[in-house]
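Asker: There's a structure below that I have some questions on.
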Amino acid sequence: MSVDSIALNFKALGPIVGMGIMWYALAAAQADDRPPDTARGAAIAAQGVAPGAPACAQCHAYNGASDGSGAFPRIAGQPDYYLAKQLQDYASGVRTNAVMTPIAKALSSEDAADVAAYYANVNAPFLPLKDAKPMLVKRGEQLAKVGDAAKDLQSCNNCHGPGGAGEPPAIPYLGGQYARYTAFQLTMWKRGFRKNSPDSMADIAKRLDDQEIAAVAAYFQQVNASALAATRPKE
Amino acid sequence: MAERLKPVDVVTIGVGLTGSLMALELAKTGLKVVGIERGAPRFTVPDFQSPAIHDELRFSVRKGMMQDNVKEAVTFRNASDETALPIRRWGSFLPGTGLGGSFVHWNGQSFRFQAADFIYKTHIEQRYGKKILDPELTIQDWGVTYDELEPHFDRFEYLCGVSGKAGNIKGAIQPGGNPFEAPRAREYPTPPMKEPYFGALFRKGAANLGYHPYPQPSANLSQPYVNPEGLALQSCVFCGFCERYACEHFAKASPQTVILPALLKNPNYELRTNCQVLRINLDNTRKKATGVTYADATGREFEQPADLVLITAFPLNNVRLLLLSGIGKPYDPKTGEGVVGRNYCYQTTGGATVFMDESINVNPFMASGANGTMIDDFGGDNFDHGPLGFIGGQYVGAIMTGGRPIEFHPTPPGTPNWGLKWKQAVARHYNHTVLLQQHGTSTASRLNYLDLDPTYKDAWGLPLLRMTFDFPENDIRMSQYIADKVVEIGRAMGGKAVIRGGTKRPYTTTVYQSTHNAGGAAMGDDPRTSVVNRYLQCWDVPNVFSVGASAFPQNGAYNYSVTIGALTYWALDAIKNRYLKAPGPLVRI
Amino acid sequence: MVEISRRTVLKAASLVGVAVLPQSRAAAAPTSAGTQPILYLFLNSEEAAFVEAAVSRLIPDDDQWPGALKAGVPGYIDKQLAGAWGAGERLYRSGPWRPGTPSQGYQLPFTPAELFRTSLAAINKELAHATPFARMSSEQQDAYLTHLEKGGKDLGGVPSDVFFTHLWESTLEGFFSDPVYGGNRDMAAWRMIGFPGAYASYYDVVDRHGIKIDRAPTSIGEDPHGGIHINPGIPAREP
């Protein structure tokens, strides 16, 4: 699709964008009627939507792996329902971020559905990152698989799946997510700044101390790499 | 020779709902309380975590959380002229065991009984006359009224954080709730759960027929909550593994989530697990308990002296302990005399299967144990029974609690029992089928009772409990009448095929129906027809209280856990404020 | 036919964790559907041949979805019979034994392992004079199973309908249980009906009425890369 036609589409929908929450909710309800267009989503990822939405690839990379710093989350292979919901939450103000909020507001619900579908279907390698301290990873594994009795904390994997692989459609994977990002989100919930998932994630994050947040984040960052190594034949 | 231990103030036999709640309140008063639990200790973390807990084979099919038949079963017969044989594998009902008891793996369905339930005999005779009662029925009043229990219902609901919508606040009918419910002082502690698709389909069909659908009250919470003990619960995630499973999310009210963390912190309380109480010991007068004798996990016997003995062991075990200990006169069905074991009741259940259009994705696996939408138009005495010739009623609803495939794989009538066509029918209908429930009263009958088996024994050499039970004809007529109404709702929901439910005789122990065994140690005002008085205190041995659904003279239409909780708080009130100040009979006749 | 020694036991099966059953043992029972040979711990080759053929009729393959044989149900049944369940876990086993009414349920002294052994011996003995079950046509097999299901036939002390019920229930279990127990291979039975499996958290979507959940199912025995680690020895008791 050419840039002009994207701009044309956006302009046509322009006045409706300002209605915020109601529009995204309606669009989400109708989402089943228009199947998402992954190719169009790829174009949005590569080029953005003018004005106001730079290319997602600038921060998240075209393959969704972002960079290794963890400043931007890995989004490759996240469920499209979850990615679209986050964009919806950014646009409505339920979730806030200085960078993502104006970008999400600049996307139509179809843009959001398309780009979510694109990233949901893209494969990206897990970057070989520096190992965290083994004791920290072990503690994170414990919290992920078992929980913590003293803190009335259930295991992360209950909801986030085996090895944090996620539970589509609504629950994202944690396995392979950058530790810095995971830790930051837990801290945001803990401090009351991240407001979506108030009844589950906020409640859970408040029970974690900084050491536990670091542990869980460190464990999940490396779980895919270590699991892969474990299943390799020993010869 | 049993080793005699140092005396304590209170012993509870069993540490489930009633045992832990009794202990919590009494330990707070400064009494030394020992809880003796035959099963093992277990806690949300690590024991109840997923994915291991989401094992249908282990917990639903093999009944992994339940009492182990190898050690202790129950014998059963439909009528006195048969020989009772052991229930060698649980089927119809599933007695729990272990710390927390069956309140760990219940469904969280949290109704109150109705006002008329507590004065059932008076109410029925006044409204319909004695002639409506079949001659074998032995319904009774409880000796306590709903109004006396209301504050205790309220207290228990707030302990658990029950999610629901009030239908009647102090007499004012509330929109969105159950207009037939007994009046309550205030709203539920948390709002109703989200309504799954099967509930929404039922709601529409029932409303179209002029009934009054409402959200089922649930102890699987709709949102995070901190109870008066300072214990926090989380919100239910609708995992679809509720009854027979423990909750990994701290979302289901259980002793582990709402009582034990506070209780176990109290230095006045001591928990002993893997200890089987063999009997309650009485002194020479046979009117005073001196304590209990139990065997620990190695089989060594101990005598635990106590001033107050609370039997909190689940209804069937309560009655068995009374019989094994010689407390109260055992019921003799031939003469009608005696009280222990009398008025054993169950629950009259059934329901329709509604096959929907294949475009409708019901998604039954997204469910909690108590996320139903239901109507009370046919509950209890909410409709005129005069022309119908039976008493009692059932609630009706779409209350699916999961889509676990070993148990749930419905096929329409005419499908073969196995083979290719069976398999294809299962694949075709699994996600497009709604189960409707009818769940109702179990009327007391002089033919149904509990006693001790003459032949079969448990692992400790003690006689098993013997159950003699069949559904009274009255309850069959009730269930069949309501079954037709359920089919109408199934059709109004858009069901393309509806398989009718309804209960038939004989009662069989081979098919699961309910674990709401009740009665056998009835409460009342008259020692000739009750084992305990209105405070659950044994008439014959005033320092023994038998707490639980064994006290019900007959069973109401609803799941009974919340009513048990209310009765427990009611009995505690009498114990704390009167009994402890002046131990002795609380009711003089 | 090579008889497998029952003592060729997989000791690691009692451990939770990586306990993948070896598929490569040479003396494996012949299988009728060309699947990988199974290491039987309990069933001898004649018993295994009956079980494989019978479950293939109870839940057959079709071109859309595997049936009980491909799902690994014979191996599931074998591991259960070889383990605690087969030996009488959770079964009240004191006598005296008396025939009961239907309401009184199972009243035989046999453990599941004894029940299968006794029944299969009687069946195989009877059919040795005619056509062994595994060599009958599908129609003949269905007729024979129906004949067992109806009852009225004594299998060495086990009424045939009681044996049939045990066989059918074990087949259902092996087909639909979590693959950690060795059946429901590839979770094909769950895929067939759309059951998402052991990891289950639906708060966000329970009120999205009619939404189609088509993610791959998950198992208790699953590692982060989707490999299933089998552990048929999980005891049927509280956690």
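Following the order of the structure tokens, first chain is A, next is B, and so on, with residues numbered from 1 inside each chain and ligands from 1 in the order they appear.
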Applying 7 Å and only C-alpha atoms, which residues near B:Met467 remain after dropping the ones on its own chain fewer than 4 positions away? List them as a ChimeraX atom specification.

Answerer: /B:75-77,449-451

Asker: Store the residues picked out above, limited to N, CA and C atoms, as a PDB file, in the first residue's frame.

Answerer:
ATOM      1  N   THR B  75     -20.717 -48.071  54.116  1.00  0.00           N
ATOM      2  CA  THR B  75     -21.515 -49.120  53.464  1.00  0.00           C
ATOM      3  C   THR B  75     -22.884 -48.548  53.127  1.00  0.00           C
ATOM      4  N   PHE B  76     -23.532 -49.173  52.147  1.00  0.00           N
ATOM      5  CA  PHE B  76     -24.749 -48.565  51.624  1.00  0.00           C
ATOM      6  C   PHE B  76     -25.775 -49.606  51.220  1.00  0.00           C
ATOM      7  N   ARG B  77     -27.035 -49.261  51.436  1.00  0.00           N
ATOM      8  CA  ARG B  77     -28.147 -50.027  50.877  1.00  0.00           C
ATOM      9  C   ARG B  77     -29.299 -49.063  50.663  1.00  0.00           C
ATOM     10  N   TYR B 449     -31.656 -43.446  57.072  1.00  0.00           N
ATOM     11  CA  TYR B 449     -30.937 -43.239  58.336  1.00  0.00           C
ATOM     12  C   TYR B 449     -29.513 -43.746  58.232  1.00  0.00           C
ATOM     13  N   LEU B 450     -28.740 -43.427  59.258  1.00  0.00           N
ATOM     14  CA  LEU B 450     -27.350 -43.877  59.374  1.00  0.00           C
ATOM     15  C   LEU B 450     -27.218 -44.719  60.638  1.00  0.00           C
ATOM     16  N   ASP B 451     -26.424 -45.768  60.557  1.00  0.00           N
ATOM     17  CA  ASP B 451     -26.053 -46.492  61.777  1.00  0.00           C
ATOM     18  C   ASP B 451     -24.692 -47.139  61.527  1.00  0.00           C
TER      19      ASP B 451
END

Asker: At most 9 Å is the cut-off: for each residue in chain A with any atom that close to an atom of chain B, write down the nearest atom pair and the distance in Å rounded to one decimal, counting only C-alpha atoms, chain first then increasing number, as a Markdown table.

Answerer:
| residue | atom | partner | partner_atom | distance |
| --- | --- | --- | --- | --- |
| A:Lys145 | CA | B:Gln49 | CA | 8.3 |
| A:Val146 | CA | B:Pro46 | CA | 5.7 |
| A:Gly147 | CA | B:Val45 | CA | 6.3 |
| A:Asp148 | CA | B:Val45 | CA | 6.3 |
| A:Ala149 | CA | B:Val45 | CA | 4.9 |
| A:Ala150 | CA | B:Val45 | CA | 8.6 |
| A:Asp152 | CA | B:Val45 | CA | 7.3 |
| A:Leu153 | CA | B:Val45 | CA | 7.4 |
| A:Gln154 | CA | B:His249 | CA | 5.9 |
| A:Ser155 | CA | B:Gln49 | CA | 6.8 |
| A:Asn157 | CA | B:Ser50 | CA | 7.6 |
| A:Asn158 | CA | B:Ser50 | CA | 5.3 |
| A:Cys159 | CA | B:Val237 | CA | 8.6 |
| A:Gly161 | CA | B:Pro51 | CA | 8.7 |
| A:Pro162 | CA | B:Pro51 | CA | 8.3 |
| A:Asp199 | CA | B:Gln223 | CA | 6.1 |
| A:Ser200 | CA | B:Ser235 | CA | 7.0 |
| A:Asp203 | CA | B:Pro224 | CA | 7.6 |
| A:Ile204 | CA | B:Gln234 | CA | 9.0 |

Asker: Got a sec: who's within 9 Å of stretch 491-502 of chain B, counting only C-alpha atoms, leaving out chain neighbours fewer than 4 positions off, as number ranges by chain?

Answerer: B: 201-206, 208-209, 348-357, 412-413, 433-434, 436-438, 476, 478-484, 486-487

Asker: Might you pull out every residue within 10 Å of B:Gln537, with only C-alpha atoms counted and same-chain residues fewer than 3 positions away left off, and present them as a list in words?

Answerer: Leu310, Met523, Val531, Val532, Asn533, Arg534, Asp540, Val541, Pro542, Asn543, Val544, Phe545, Ser546, Val547, Ala571, Ala574, Ile575, Tyr579, Gly584, Pro585, Leu586 and Val587 of chain B

Asker: Could you list, as an MDAnalysis selection string, every residue of chain A that has an atom within 9 Å of an atom of chain C, counting only C-alpha atoms?

Answerer: chainID A and resid 157:165 167:171 175 223:224 227:228 231

Asker: Once you have the residues from the selection above, write them out as a PDB file, in the first residue's frame, restricted to N, CA and C atoms.

Answerer:
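Generated output (part.pdb):
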ATOM      1  N   ASN A 157       3.684 -18.886  36.426  1.00  0.00           N
ATOM      2  CA  ASN A 157       3.326 -19.764  35.307  1.00  0.00           C
ATOM      3  C   ASN A 157       1.865 -20.169  35.302  1.00  0.00           C
ATOM      4  N   ASN A 158       1.184 -20.088  36.470  1.00  0.00           N
ATOM      5  CA  ASN A 158      -0.253 -20.392  36.505  1.00  0.00           C
ATOM      6  C   ASN A 158      -0.974 -19.685  35.367  1.00  0.00           C
ATOM      7  N   CYS A 159      -0.678 -18.390  35.216  1.00  0.00           N
ATOM      8  CA  CYS A 159      -1.340 -17.598  34.182  1.00  0.00           C
ATOM      9  C   CYS A 159      -0.483 -17.450  32.946  1.00  0.00           C
ATOM     10  N   HIS A 160       0.826 -17.353  33.136  1.00  0.00           N
ATOM     11  CA  HIS A 160       1.698 -17.035  32.005  1.00  0.00           C
ATOM     12  C   HIS A 160       2.197 -18.258  31.259  1.00  0.00           C
ATOM     13  N   GLY A 161       1.749 -19.440  31.651  1.00  0.00           N
ATOM     14  CA  GLY A 161       2.023 -20.622  30.852  1.00  0.00           C
ATOM     15  C   GLY A 161       3.348 -21.299  31.181  1.00  0.00           C
ATOM     16  N   PRO A 162       3.593 -22.471  30.582  1.00  0.00           N
ATOM     17  CA  PRO A 162       4.826 -23.211  30.862  1.00  0.00           C
ATOM     18  C   PRO A 162       6.041 -22.408  30.433  1.00  0.00           C
ATOM     19  N   GLY A 163       6.990 -22.231  31.309  1.00  0.00           N
ATOM     20  CA  GLY A 163       8.164 -21.421  31.002  1.00  0.00           C
ATOM     21  C   GLY A 163       7.800 -20.001  30.628  1.00  0.00           C
ATOM     22  N   GLY A 164       6.639 -19.533  31.085  1.00  0.00           N
ATOM     23  CA  GLY A 164       6.210 -18.184  30.735  1.00  0.00           C
ATOM     24  C   GLY A 164       5.908 -18.023  29.256  1.00  0.00           C
ATOM     25  N   ALA A 165       5.445 -19.090  28.609  1.00  0.00           N
ATOM     26  CA  ALA A 165       5.194 -19.042  27.166  1.00  0.00           C
ATOM     27  C   ALA A 165       3.946 -18.269  26.794  1.00  0.00           C
ATOM     28  N   GLU A 167      -0.391 -17.331  27.529  1.00  0.00           N
ATOM     29  CA  GLU A 167      -1.659 -18.035  27.319  1.00  0.00           C
ATOM     30  C   GLU A 167      -2.507 -17.184  26.392  1.00  0.00           C
ATOM     31  N   PRO A 168      -2.340 -17.388  25.082  1.00  0.00           N
ATOM     32  CA  PRO A 168      -3.185 -16.629  24.148  1.00  0.00           C
ATOM     33  C   PRO A 168      -4.661 -16.885  24.407  1.00  0.00           C
ATOM     34  N   PRO A 169      -5.543 -15.965  24.154  1.00  0.00           N
ATOM     35  CA  PRO A 169      -5.249 -14.705  23.485  1.00  0.00           C
ATOM     36  C   PRO A 169      -4.826 -13.555  24.388  1.00  0.00           C
ATOM     37  N   ALA A 170      -5.142 -13.613  25.686  1.00  0.00           N
ATOM     38  CA  ALA A 170      -5.067 -12.399  26.482  1.00  0.00           C
ATOM     39  C   ALA A 170      -3.799 -12.256  27.304  1.00  0.00           C
ATOM     40  N   ILE A 171      -3.067 -13.337  27.537  1.00  0.00           N
ATOM     41  CA  ILE A 171      -1.951 -13.277  28.482  1.00  0.00           C
ATOM     42  C   ILE A 171      -0.626 -13.403  27.731  1.00  0.00           C
ATOM     43  N   GLY A 175       8.607 -15.467  28.723  1.00  0.00           N
ATOM     44  CA  GLY A 175       9.826 -16.183  28.398  1.00  0.00           C
ATOM     45  C   GLY A 175      10.561 -15.494  27.259  1.00  0.00           C
ATOM     46  N   VAL A 223      14.947 -18.053  30.066  1.00  0.00           N
ATOM     47  CA  VAL A 223      14.310 -19.374  30.137  1.00  0.00           C
ATOM     48  C   VAL A 223      14.318 -20.087  28.790  1.00  0.00           C
ATOM     49  N   ASN A 224      14.117 -19.370  27.730  1.00  0.00           N
ATOM     50  CA  ASN A 224      14.056 -20.038  26.428  1.00  0.00           C
ATOM     51  C   ASN A 224      15.416 -20.562  26.024  1.00  0.00           C
ATOM     52  N   ALA A 227      16.261 -23.577  28.266  1.00  0.00           N
ATOM     53  CA  ALA A 227      15.413 -24.749  27.990  1.00  0.00           C
ATOM     54  C   ALA A 227      15.852 -25.418  26.710  1.00  0.00           C
ATOM     55  N   LEU A 228      16.204 -24.602  25.740  1.00  0.00           N
ATOM     56  CA  LEU A 228      16.647 -25.137  24.458  1.00  0.00           C
ATOM     57  C   LEU A 228      17.918 -25.951  24.655  1.00  0.00           C
ATOM     58  N   THR A 231      17.208 -29.437  26.145  1.00  0.00           N
ATOM     59  CA  THR A 231      16.609 -30.503  25.344  1.00  0.00           C
ATOM     60  C   THR A 231      17.532 -30.992  24.244  1.00  0.00           C
TER      61      THR A 231
END

Asker: Please extract the residues of stretch 25-212 of chain C with a backbone DSSP assignment of strand (DSSP E) and present them as a list in words.

Answerer: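 Residues meeting the strand (DSSP E) criterion: Asp154, Leu155, Val158 and Pro159 of chain C.
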
Asker: Could you write those residues out with N, CA and C atoms, as a PDB file, in the first residue's frame?

Answerer:
ATOM      1  N   ASP C 154     -19.445 -64.716  31.364  1.00  0.00           N
ATOM      2  CA  ASP C 154     -18.528 -64.739  32.496  1.00  0.00           C
ATOM      3  C   ASP C 154     -17.090 -64.870  31.987  1.00  0.00           C
ATOM      4  N   LEU C 155     -16.237 -63.971  32.413  1.00  0.00           N
ATOM      5  CA  LEU C 155     -14.827 -63.996  31.982  1.00  0.00           C
ATOM      6  C   LEU C 155     -13.968 -64.401  33.184  1.00  0.00           C
ATOM      7  N   VAL C 158     -15.234 -62.519  36.081  1.00  0.00           N
ATOM      8  CA  VAL C 158     -15.584 -61.113  35.848  1.00  0.00           C
ATOM      9  C   VAL C 158     -16.750 -61.071  34.870  1.00  0.00           C
ATOM     10  N   PRO C 159     -17.890 -60.495  35.270  1.00  0.00           N
ATOM     11  CA  PRO C 159     -18.969 -60.357  34.292  1.00  0.00           C
ATOM     12  C   PRO C 159     -18.474 -59.498  33.136  1.00  0.00           C
TER      13      PRO C 159
END

Asker: May I ask which of the residues C:Arg185, C:Lys70, C:Arg57, C:Arg191 is the closest one to chain B, counting only C-alpha atoms?

Answerer: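 Of C:Arg185, C:Lys70, C:Arg57, C:Arg191, the one nearest chain B is C:Arg57, counting only C-alpha atoms.
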
Asker: Set out as JSON lines a contact list for chain C and chain B with a cut-off of 8 Å, giving each residue of chain C that qualifies its closest atom pair and distance in Å to one decimal, counting only C-alpha atoms, ordered by chain and rising residue number.

Answerer:
{"residue": "C:Arg57", "atom": "CA", "partner": "B:Gly419", "partner_atom": "CA", "distance": 5.9}
{"residue": "C:Leu58", "atom": "CA", "partner": "B:Gly419", "partner_atom": "CA", "distance": 4.7}
{"residue": "C:Ile59", "atom": "CA", "partner": "B:Gly419", "partner_atom": "CA", "distance": 5.1}
{"residue": "C:Pro60", "atom": "CA", "partner": "B:Leu420", "partner_atom": "CA", "distance": 5.6}
{"residue": "C:Asp61", "atom": "CA", "partner": "B:Leu420", "partner_atom": "CA", "distance": 7.7}
{"residue": "C:Asp62", "atom": "CA", "partner": "B:Leu420", "partner_atom": "CA", "distance": 7.6}
{"residue": "C:Glu89", "atom": "CA", "partner": "B:Val70", "partner_atom": "CA", "distance": 7.4}
{"residue": "C:Arg90", "atom": "CA", "partner": "B:Asn69", "partner_atom": "CA", "distance": 5.3}
{"residue": "C:Leu91", "atom": "CA", "partner": "B:Val70", "partner_atom": "CA", "distance": 5.3}
{"residue": "C:Tyr92", "atom": "CA", "partner": "B:Val70", "partner_atom": "CA", "distance": 4.4}
{"residue": "C:Arg93", "atom": "CA", "partner": "B:Val70", "partner_atom": "CA", "distance": 6.6}
{"residue": "C:Ser94", "atom": "CA", "partner": "B:Tyr456", "partner_atom": "CA", "distance": 7.5}
{"residue": "C:Gly95", "atom": "CA", "partner": "B:Tyr456", "partner_atom": "CA", "distance": 7.6}
{"residue": "C:Arg98", "atom": "CA", "partner": "B:Leu85", "partner_atom": "CA", "distance": 7.7}
{"residue": "C:Gly100", "atom": "CA", "partner": "B:Leu85", "partner_atom": "CA", "distance": 7.0}
{"residue": "C:Pro102", "atom": "CA", "partner": "B:Thr508", "partner_atom": "CA", "distance": 7.2}
{"residue": "C:Ser103", "atom": "CA", "partner": "B:Thr508", "partner_atom": "CA", "distance": 3.9}
{"residue": "C:Gln104", "atom": "CA", "partner": "B:Thr509", "partner_atom": "CA", "distance": 6.0}
{"residue": "C:Gly105", "atom": "CA", "partner": "B:Thr510", "partner_atom": "CA", "distance": 5.6}
{"residue": "C:Tyr106", "atom": "CA", "partner": "B:Arg88", "partner_atom": "CA", "distance": 6.7}
{"residue": "C:Gln107", "atom": "CA", "partner": "B:Arg88", "partner_atom": "CA", "distance": 7.2}
{"residue": "C:Leu172", "atom": "CA", "partner": "B:Ile406", "partner_atom": "CA", "distance": 6.3}
{"residue": "C:Glu173", "atom": "CA", "partner": "B:Ile406", "partner_atom": "CA", "distance": 6.0}
{"residue": "C:Phe176", "atom": "CA", "partner": "B:Ile406", "partner_atom": "CA", "distance": 5.5}
{"residue": "C:Ser177", "atom": "CA", "partner": "B:Leu57", "partner_atom": "CA", "distance": 5.9}
{"residue": "C:Asp178", "atom": "CA", "partner": "B:Asp55", "partner_atom": "CA", "distance": 6.8}
{"residue": "C:Trp190", "atom": "CA", "partner": "B:Pro405", "partner_atom": "CA", "distance": 7.9}
{"residue": "C:Met192", "atom": "CA", "partner": "B:Ala427", "partner_atom": "CA", "distance": 5.9}
{"residue": "C:Ile193", "atom": "CA", "partner": "B:Ala427", "partner_atom": "CA", "distance": 4.9}
{"residue": "C:Gly194", "atom": "CA", "partner": "B:Asn431", "partner_atom": "CA", "distance": 7.3}
{"residue": "C:Phe195", "atom": "CA", "partner": "B:Phe365", "partner_atom": "CA", "distance": 7.0}
{"residue": "C:Pro196", "atom": "CA", "partner": "B:Phe365", "partner_atom": "CA", "distance": 7.9}
{"residue": "C:Ala198", "atom": "CA", "partner": "B:His54", "partner_atom": "CA", "distance": 5.3}
{"residue": "C:Tyr199", "atom": "CA", "partner": "B:Pro51", "partner_atom": "CA", "distance": 5.8}
{"residue": "C:Ala200", "atom": "CA", "partner": "B:Cys239", "partner_atom": "CA", "distance": 4.8}
{"residue": "C:Ser201", "atom": "CA", "partner": "B:Cys239", "partner_atom": "CA", "distance": 5.0}
{"residue": "C:Tyr202", "atom": "CA", "partner": "B:Val237", "partner_atom": "CA", "distance": 5.4}
{"residue": "C:Tyr203", "atom": "CA", "partner": "B:Val237", "partner_atom": "CA", "distance": 4.4}
{"residue": "C:Val206", "atom": "CA", "partner": "B:Pro196", "partner_atom": "CA", "distance": 5.6}
{"residue": "C:Asp207", "atom": "CA", "partner": "B:Pro196", "partner_atom": "CA", "distance": 5.3}
{"residue": "C:Arg208", "atom": "CA", "partner": "B:Tyr197", "partner_atom": "CA", "distance": 7.9}
{"residue": "C:His209", "atom": "CA", "partner": "B:Tyr197", "partner_atom": "CA", "distance": 5.0}
{"residue": "C:Gly210", "atom": "CA", "partner": "B:Asn361", "partner_atom": "CA", "distance": 4.5}
{"residue": "C:Ile211", "atom": "CA", "partner": "B:Asn361", "partner_atom": "CA", "distance": 6.7}
{"residue": "C:Lys212", "atom": "CA", "partner": "B:Asn361", "partner_atom": "CA", "distance": 6.7}
{"residue": "C:Ser219", "atom": "CA", "partner": "B:Pro51", "partner_atom": "CA", "distance": 7.6}
{"residue": "C:Ile220", "atom": "CA", "partner": "B:Pro51", "partner_atom": "CA", "distance": 5.1}
{"residue": "C:Ile234", "atom": "CA", "partner": "B:Arg58", "partner_atom": "CA", "distance": 7.9}
{"residue": "C:Pro235", "atom": "CA", "partner": "B:Arg58", "partner_atom": "CA", "distance": 7.5}
{"residue": "C:Ala236", "atom": "CA", "partner": "B:Gly64", "partner_atom": "CA", "distance": 4.6}
{"residue": "C:Arg237", "atom": "CA", "partner": "B:Gly64", "partner_atom": "CA", "distance": 4.0}
{"residue": "C:Glu238", "atom": "CA", "partner": "B:Met65", "partner_atom": "CA", "distance": 4.5}
{"residue": "C:Pro239", "atom": "CA", "partner": "B:Asp47", "partner_atom": "CA", "distance": 5.2}

Asker: Neighbouring residues of A:Pro134 were defined as those with any atom within 12 Å, considering only C-alpha atoms; residues of the same chain fewer than 3 positions away were excluded. Please report them as a ChimeraX atom specification.

Answerer: /A:130-131,137-141,215,218-219,222,226

Asker: Quick one: write out the picked residues with C-alpha atoms as a PDB file, in the first residue's frame?

Answerer:
ATOM      1  CA  LYS A 130      24.749 -11.931  29.393  1.00  0.00           C
ATOM      2  CA  ASP A 131      23.767 -14.364  32.142  1.00  0.00           C
ATOM      3  CA  VAL A 137      17.854 -16.855  38.300  1.00  0.00           C
ATOM      4  CA  LYS A 138      17.150 -19.749  40.679  1.00  0.00           C
ATOM      5  CA  ARG A 139      15.052 -17.562  42.939  1.00  0.00           C
ATOM      6  CA  GLY A 140      13.173 -16.306  39.896  1.00  0.00           C
ATOM      7  CA  GLU A 141      12.556 -19.875  38.768  1.00  0.00           C
ATOM      8  CA  ALA A 215      14.871 -12.425  40.098  1.00  0.00           C
ATOM      9  CA  ALA A 218      16.240 -12.466  35.162  1.00  0.00           C
ATOM     10  CA  TYR A 219      14.723 -15.949  35.111  1.00  0.00           C
ATOM     11  CA  GLN A 222      16.940 -16.616  29.929  1.00  0.00           C
ATOM     12  CA  SER A 226      18.386 -22.520  28.811  1.00  0.00           C
TER      13      SER A 226
END

Asker: C:Pro74, C:Gln141, C:Ile38, C:Gly183: which is nearest C:Leu127, counting only C-alpha atoms?

Answerer: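 Of C:Pro74, C:Gln141, C:Ile38, C:Gly183, the one nearest C:Leu127 is C:Gln141, counting only C-alpha atoms.
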
Asker: Rounded to one decimal place, report the atom CA of B:Val33-atom CA of B:Val309 distance in Å.

Answerer: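 About the pair atom CA of B:Val33 and atom CA of B:Val309: they are 10.0 Å apart.
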